[in-house]
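Shown here: start_26.txt, compact mmCIF, C-alpha atoms.
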```txt
# COMPACT_ATOMS: atom_id res chain seq x y z
CA GLY A 3 84.86 134.01 155.33
CA SER A 4 83.49 137.22 153.80
CA LYS A 5 86.59 139.24 154.71
CA SER A 6 89.18 136.50 154.21
CA PRO A 7 90.58 138.06 150.97
CA PHE A 8 92.06 140.80 153.18
CA SER A 9 94.49 138.22 154.48
CA TYR A 10 96.08 138.33 151.03
CA THR A 11 95.27 141.70 149.46
CA ASP A 12 94.25 145.24 150.47
CA SER A 13 91.31 145.41 148.06
CA PHE A 14 89.04 143.15 146.02
CA THR A 15 85.71 143.27 144.19
CA VAL A 16 82.36 141.72 145.07
CA GLN A 17 79.53 141.50 142.54
CA THR A 18 76.14 140.27 143.68
CA ILE A 19 72.94 139.83 141.68
CA CYS A 20 69.64 139.23 143.44
CA ASN A 21 66.16 139.31 141.87
CA GLY A 22 67.03 141.67 139.02
CA LYS A 23 69.35 144.02 140.93
CA LYS A 24 73.10 144.09 140.36
CA LEU A 25 75.44 145.59 142.97
CA VAL A 26 79.21 145.83 142.59
CA TYR A 27 81.39 146.82 145.53
CA THR A 28 85.08 147.50 145.89
CA MET A 29 86.15 146.21 149.27
CA ALA A 30 89.13 148.05 150.75
CA LEU A 31 90.82 148.68 154.06
CA GLY A 32 89.96 152.06 155.56
CA PRO A 33 92.36 154.51 157.25
CA THR A 34 92.08 152.64 160.56
CA GLY A 35 92.51 149.23 158.93
CA GLU A 36 88.83 148.32 159.03
CA PRO A 37 87.19 146.71 155.95
CA THR A 38 85.15 149.31 154.06
CA PRO A 39 82.74 148.67 151.14
CA HIS A 40 82.52 151.19 148.28
CA LEU A 41 79.45 150.86 146.06
CA MET A 42 80.51 151.14 142.40
CA ILE A 43 77.46 149.89 140.46
CA ASN A 44 73.75 149.76 141.34
CA ALA A 45 71.75 148.70 138.30
CA GLU A 46 68.86 146.62 137.03
CA THR A 47 69.78 143.36 135.27
CA ASP A 48 68.26 140.23 133.80
CA GLN A 49 71.23 138.07 134.83
CA ALA A 50 70.77 135.07 137.10
CA ASN A 51 71.19 135.42 140.85
CA GLY A 52 74.67 134.83 142.20
CA THR A 53 77.79 136.29 143.75
CA LYS A 54 81.25 136.70 142.23
CA VAL A 55 84.31 137.60 144.28
CA THR A 56 87.34 138.82 142.32
CA VAL A 57 90.71 138.79 144.08
CA PRO A 58 93.86 139.95 142.26
CA VAL A 59 96.53 137.23 142.49
CA ASP A 60 100.23 137.73 141.92
CA ARG A 61 101.39 135.52 139.08
CA TYR A 62 103.99 133.92 141.35
CA ASP A 63 101.19 132.79 143.70
CA ILE A 64 98.88 131.25 141.10
CA ASN A 65 100.09 127.67 141.62
CA ARG A 66 99.64 128.04 145.38
CA PHE A 67 96.07 129.23 144.85
CA ILE A 68 95.37 126.30 142.51
CA GLU A 69 96.70 123.81 145.06
CA ALA A 70 94.67 125.39 147.86
CA ALA A 71 91.51 125.44 145.72
CA GLN A 72 91.87 121.76 144.83
CA LYS A 73 92.16 120.80 148.49
CA SER A 74 89.42 123.16 149.70
CA PHE A 75 86.74 122.43 147.10
CA ARG A 76 87.19 118.69 146.57
CA ALA A 77 84.36 117.80 148.99
CA PHE A 78 81.96 120.50 147.74
CA ALA A 79 78.91 119.13 145.94
CA VAL A 80 78.39 122.52 144.24
CA LYS A 81 81.69 123.65 142.73
CA PRO A 82 82.62 127.31 142.20
CA ILE A 83 82.98 128.90 138.77
CA VAL A 84 86.65 129.81 138.40
CA TYR A 85 87.92 132.61 136.16
CA GLY A 86 91.39 133.64 135.08
CA VAL A 87 93.05 130.25 134.54
CA GLU A 88 93.17 127.77 131.66
CA ASP A 89 90.32 125.31 131.17
CA HIS A 90 92.41 122.26 132.11
CA ILE A 91 93.29 123.91 135.43
CA VAL A 92 89.62 124.69 136.09
CA ALA A 93 88.82 121.04 135.33
CA GLN A 94 91.28 119.94 138.02
CA ILE A 95 89.83 122.32 140.59
CA VAL A 96 86.18 121.35 140.04
CA ALA A 97 86.76 117.63 139.36
CA PRO A 98 84.68 115.48 141.72
CA GLN A 99 86.58 113.35 144.19
CA GLN A 100 87.02 109.81 142.87
CA TYR A 101 86.63 106.88 145.25
CA VAL A 102 87.56 103.21 144.92
CA PHE A 103 84.85 102.49 147.46
CA LYS A 104 82.36 104.77 149.20
CA ASN A 105 79.35 104.46 151.48
CA ASP A 106 77.57 106.79 153.89
CA VAL A 107 80.27 106.44 156.58
CA TYR A 108 83.59 106.52 154.75
CA GLY A 109 85.23 106.52 151.35
CA ILE A 110 88.58 105.22 150.10
CA ARG A 111 89.94 107.81 147.71
CA VAL A 112 91.70 107.01 144.44
CA LYS A 113 95.30 108.19 144.58
CA ASP A 114 96.00 111.05 142.19
CA THR A 115 99.20 109.82 140.58
CA ASP A 116 99.26 112.71 138.11
CA HIS A 117 99.23 115.39 140.83
CA PRO A 118 100.32 113.63 144.05
CA PHE A 119 101.33 116.88 145.74
CA LEU A 120 98.17 118.76 144.81
CA ARG A 121 95.68 116.26 146.15
CA SER A 122 95.04 115.46 149.79
CA GLN A 123 97.13 112.44 150.85
CA HIS A 124 95.90 112.07 154.42
CA THR A 125 92.97 110.78 156.44
CA TYR A 126 90.30 113.49 156.35
CA ALA A 127 87.16 114.18 158.34
CA ILE A 128 84.46 115.51 156.00
CA GLN A 129 81.77 117.56 157.75
CA GLY A 130 79.27 118.94 155.29
CA PRO A 131 81.36 120.15 152.34
CA VAL A 132 84.47 120.91 154.41
CA GLY A 133 87.41 118.57 154.84
CA TYR A 134 89.69 118.65 157.88
CA LYS A 135 92.98 116.79 158.08
CA LEU A 136 92.38 114.20 160.79
CA ASN A 137 95.01 113.30 163.37
CA LEU A 138 93.72 110.24 165.19
CA SER A 139 96.50 110.50 167.74
CA ASP A 140 95.38 114.03 168.72
CA ALA A 141 91.82 112.70 168.84
CA GLU A 142 93.06 110.08 171.34
CA VAL A 143 91.44 107.23 169.42
CA PRO A 144 92.59 103.93 170.95
CA ASN A 145 94.03 101.31 168.57
CA PHE A 146 93.54 103.55 165.53
CA GLY A 147 95.82 101.58 163.20
CA TYR A 148 92.93 100.38 161.06
CA CYS A 149 91.82 103.82 159.96
CA ASP A 150 94.99 105.91 159.92
CA PHE A 151 96.06 105.79 156.28
CA GLU A 152 96.45 108.35 153.58
CA ASN A 153 93.41 107.86 151.34
CA LEU A 154 90.50 107.67 153.77
CA ASP A 155 87.63 110.16 154.03
CA ILE A 156 85.36 109.80 157.08
CA PHE A 157 81.95 111.47 156.75
CA PHE A 158 80.45 113.26 159.78
CA PRO A 159 77.03 114.92 160.13
CA ILE A 160 77.18 118.69 160.58
CA GLY A 161 77.57 119.60 164.23
CA GLN A 162 79.62 116.58 165.36
CA LEU A 163 83.04 118.20 164.90
CA ASP A 164 84.18 121.51 166.39
CA PRO A 165 86.63 123.48 164.22
CA THR A 166 89.18 125.96 165.54
CA ALA A 167 88.55 129.71 165.27
CA SER A 168 90.51 129.80 162.00
CA ARG A 169 88.16 127.13 160.57
CA GLU A 170 91.21 125.37 159.10
CA SER A 171 91.54 122.51 161.59
CA LEU A 172 89.67 120.68 164.35
CA SER A 173 89.73 121.76 167.99
CA TYR A 174 89.72 118.19 169.37
CA ASP A 175 87.52 119.13 172.29
CA SER A 176 85.92 116.33 174.29
CA VAL A 177 82.78 116.09 172.13
CA THR A 178 84.79 116.06 168.89
CA LYS A 179 87.10 113.35 170.24
CA ALA A 180 84.14 111.22 171.33
CA ASN A 181 82.42 111.52 167.94
CA ILE A 182 85.63 110.68 166.06
CA THR A 183 86.23 107.61 168.24
CA ALA A 184 82.64 106.43 167.73
CA MET A 185 82.93 106.77 163.95
CA VAL A 186 86.28 104.97 163.85
CA ASN A 187 84.73 102.09 165.81
CA VAL A 188 81.91 101.86 163.25
CA ILE A 189 84.44 101.73 160.39
CA GLU A 190 86.52 99.04 162.09
CA ASP A 191 83.38 96.94 162.57
CA ARG A 192 82.35 97.28 158.91
CA LEU A 193 85.58 97.55 156.95
CA PHE A 194 86.44 93.89 156.46
CA ASP A 195 82.94 92.92 155.32
CA ASP A 196 82.63 96.01 153.10
CA MET A 197 85.87 95.22 151.25
CA GLN A 198 84.94 91.58 150.80
CA ASP A 199 81.46 92.53 149.51
CA TYR A 200 83.07 94.91 147.01
CA ILE A 201 85.27 92.09 145.68
CA ASN A 202 82.35 89.64 145.59
CA GLY A 203 80.50 92.09 143.35
CA ALA A 204 82.91 91.31 140.49
CA SER A 205 81.54 89.41 137.51
CA ASN A 206 84.52 87.03 137.26
CA LEU A 207 87.79 86.11 138.95
CA TYR A 208 89.84 88.49 136.81
CA GLU A 209 87.65 91.47 137.70
CA ALA A 210 87.77 90.42 141.37
CA HIS A 211 91.56 90.45 141.14
CA ILE A 212 91.50 93.97 139.65
CA ARG A 213 89.23 95.15 142.45
CA ALA A 214 91.53 93.62 145.05
CA LYS A 215 94.51 95.37 143.48
CA LEU A 216 92.71 98.73 143.47
CA LEU A 217 91.91 98.35 147.16
CA ASN A 218 95.49 97.34 147.90
CA ASP A 219 97.02 100.19 145.86
CA ASN A 220 94.90 102.71 147.76
CA GLY A 221 95.70 101.40 151.22
CA ALA A 222 92.54 99.48 152.08
CA PHE A 223 94.17 96.19 153.03
CA LYS A 224 96.81 97.95 155.07
CA CYS A 225 93.97 99.76 156.82
CA ALA A 226 91.82 96.70 157.38
CA LYS A 227 94.69 94.30 158.13
CA MET A 228 92.43 91.81 156.43
CA PRO A 229 93.56 88.33 155.38
CA ALA A 230 93.84 87.34 151.74
CA PRO A 231 90.58 88.33 150.01
CA LYS A 232 88.36 85.72 148.44
CA TYR A 233 86.08 85.50 145.42
CA ASN A 234 83.32 82.89 145.57
CA GLY A 235 85.27 81.13 148.28
CA GLN A 236 88.52 81.05 146.29
CA VAL A 237 91.46 82.90 147.80
CA ILE A 238 92.95 85.63 145.59
CA ARG A 239 96.67 85.23 146.10
CA ASN A 240 99.38 87.79 145.34
CA TRP A 241 96.76 90.44 144.72
CA GLY A 242 99.49 93.08 144.56
CA SER A 243 100.06 92.21 140.89
CA TYR A 244 97.76 92.19 137.88
CA PHE A 245 99.62 89.30 136.27
CA ASP A 246 98.58 86.48 138.58
CA PHE A 247 95.25 86.32 136.74
CA PRO A 248 95.84 87.76 133.24
CA ASP A 249 92.96 89.01 131.17
CA PRO A 250 91.78 86.03 129.06
CA ARG A 251 91.82 88.32 126.02
CA MET A 252 95.60 88.65 126.43
CA MET A 253 96.36 84.95 126.71
CA ASN A 254 96.85 84.44 122.95
CA GLY A 255 99.46 87.19 122.94
CA PHE A 256 101.27 85.64 125.89
CA ALA A 257 101.25 82.25 124.21
CA PHE A 258 102.68 83.74 120.99
CA TYR A 259 105.62 85.41 122.71
CA ALA A 260 106.24 82.36 124.88
CA SER A 261 106.52 80.19 121.77
CA LYS A 262 108.91 82.71 120.15
CA LEU A 263 111.07 82.68 123.27
CA LYS A 264 111.11 78.88 123.27
CA LYS A 265 112.26 78.77 119.64
CA THR A 266 114.95 81.36 120.31
CA ARG A 267 116.32 79.33 123.19
CA LYS A 268 116.50 76.23 120.99
CA SER A 269 118.51 78.11 118.36
CA ILE A 270 121.27 79.10 120.84
CA ARG A 271 124.35 76.86 120.84
CA VAL A 272 127.34 77.01 123.12
CA GLU A 273 130.55 75.44 121.83
CA HIS A 274 133.61 74.68 123.91
CA SER A 275 137.04 74.23 122.38
```

Using the file provided, produce a representation of the structure as structure tokens.
Amino acid sequence: GSKSPFSYTDSFTVQTICNGKKLVYTMALGPTGEPTPHLMINAETDQANGTKVTVPVDRYDINRFIEAAQKSFRAFAVKPIVYGVEDHIVAQIVAPQQYVFKNDVYGIRVKDTDHPFLRSQHTYAIQGPVGYKLNLSDAEVPNFGYCDFENLDIFFPIGQLDPTASRESLSYDSVTKANITAMVNVIEDRLFDDMQDYINGASNLYEAHIRAKLLNDNGAFKCAKMPAPKYNGQVIRNWGSYFDFPDPRMMNGFAFYASKLKKTRKSIRVEHS
């Protein structure tokens, strides 16, 4: 963590402020290749406590850094302050993860259609603020079809998952596999009822249809393999389309264009010689 910038650059700057004291270090690789701090500033300050790490980034690598930051920080409750890029880019990096549905065990993410290649399109295990791409086959989870889809986050208490030495993936040791399997079983037991309760929370049939479509668009029904959802006992059919239950506010417009089409058809004549 603290020395990870050396994987990209030979030197970077660390500024830390603690209880009125400001220290600025240049971190560089010494003659033998070992990280060496060089104190540049030691001063009193009235600035708030905090740490800032400044890493020089080649302009050709900026987009790669933005993509990595979006994936790395999306599960962080406290987002970093980012310098050196435009405000709209910062907004993307620190934007909170949006969910169609979320509880304490799992969340179904909203697909990012504007930046499909910058957002995480896989099942992820979230432990604390860190997300790990989850391979249920490697975890040896039996019958994992319910939970293996691209917009699912599964939330684990800290200590249940063992990461690799690089901290970029899971080790899939025996304890990690057992905890993943147990959590998947909980989700499979709850998923159908959770989705149906979410639809039942709609205020009318049209809103229930919209909720069903959102779940479908983000993979929930594929995950749950659930039958046709219901609202107040009534089956919502063809929930893949908004137009089965149009918004009542749009019905006058539909009626107007339907009447125009009917008149147009009446005005067409076909003559045969």

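For the atom pair formed by atom CA of A:Ile128 and atom CA of A:Phe157, the distance is 4.8 Å, given to one decimal.
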
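Protein and nucleic acid residues near (80.0, 108.6, 155.4) are Asn105, Asp106, Val107, Tyr108, Gly109, Ile156, Phe157 and Phe158 of chain A, the criterion being any atom at most 7 Å away using all atoms listed in the file.
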
Given only C-alpha atoms as the counted atoms, nearest of A:Ala77, A:Leu154, A:Val102, A:Val177 to A:Ile201
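Checking each of A:Ala77, A:Leu154, A:Val102, A:Val177 against A:Ile201, counting only C-alpha atoms, the winner is A:Val102.
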
Which is closer to A:Val57 than all the others in A:Asn21, A:Ser9, A:Thr15, A:Thr34, using only C-alpha atoms?
A:Thr15

Find the residue from A:Val80, A:Asn220, A:Pro159, A:Gln94 that sits nearest to A:Met185; use only C-alpha atoms when measuring.
A:Pro159

From the options A:Gln162, A:Asn137, A:Ile19, A:Ser13, which residue's atoms come nearest to A:Gly32, counting only C-alpha atoms?
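Residue with the minimum atom-to-atom distance to A:Gly32: A:Ser13.
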
Polymer residues at most 9 Å from A:Phe8, only C-alpha atoms, same-chain spacing of 2 or more positions, as number ranges by chain
A: 5-6, 10-14, 29-31, 37

What gap, in Å, lies between atom CA of A:His211 and atom CA of A:Asp196?
15.9 Å

Could you work out how far atom CA of A:Arg111 lies from atom CA of A:Ser173, giving the answer in Å with one decimal?
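We find that atom CA of A:Ser173 and atom CA of A:Arg111 lie 24.6 Å from each other.
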
Which of these, A:Val26, A:Val112, A:Ala230, A:Val84, has the shortest distance to A:Gln198 once you count only C-alpha atoms?
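Residue with the minimum atom-to-atom distance to A:Gln198: A:Ala230.
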
Exercise: A:Ala97 partners within 9 Å, only C-alpha atoms, chain neighbours under 2 positions left out, as a VMD selection string:
chain A and resid 72 76 81 92 to 95 99 to 100

List as a PDB file with C-alpha atoms, keeping the file's coordinate frame the protein and nucleic acid residues near A:Arg61, meaning an atom at most 12 Å away when all atoms listed in the file are counted, but skip any in the same chain fewer than 6 places from it.
```
ATOM      1  CA  PHE A  67      96.070 129.230 144.850  1.00  0.00           C
ATOM      2  CA  ILE A  68      95.370 126.300 142.510  1.00  0.00           C
ATOM      3  CA  GLY A  86      91.390 133.640 135.080  1.00  0.00           C
ATOM      4  CA  VAL A  87      93.050 130.250 134.540  1.00  0.00           C
TER       5      VAL A  87
END
```

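Counting all atoms listed in the file, the residue from A:Ser74, A:Gln17, A:Ser176, A:Asn51 that sits nearest to A:Leu163 is A:Ser176.
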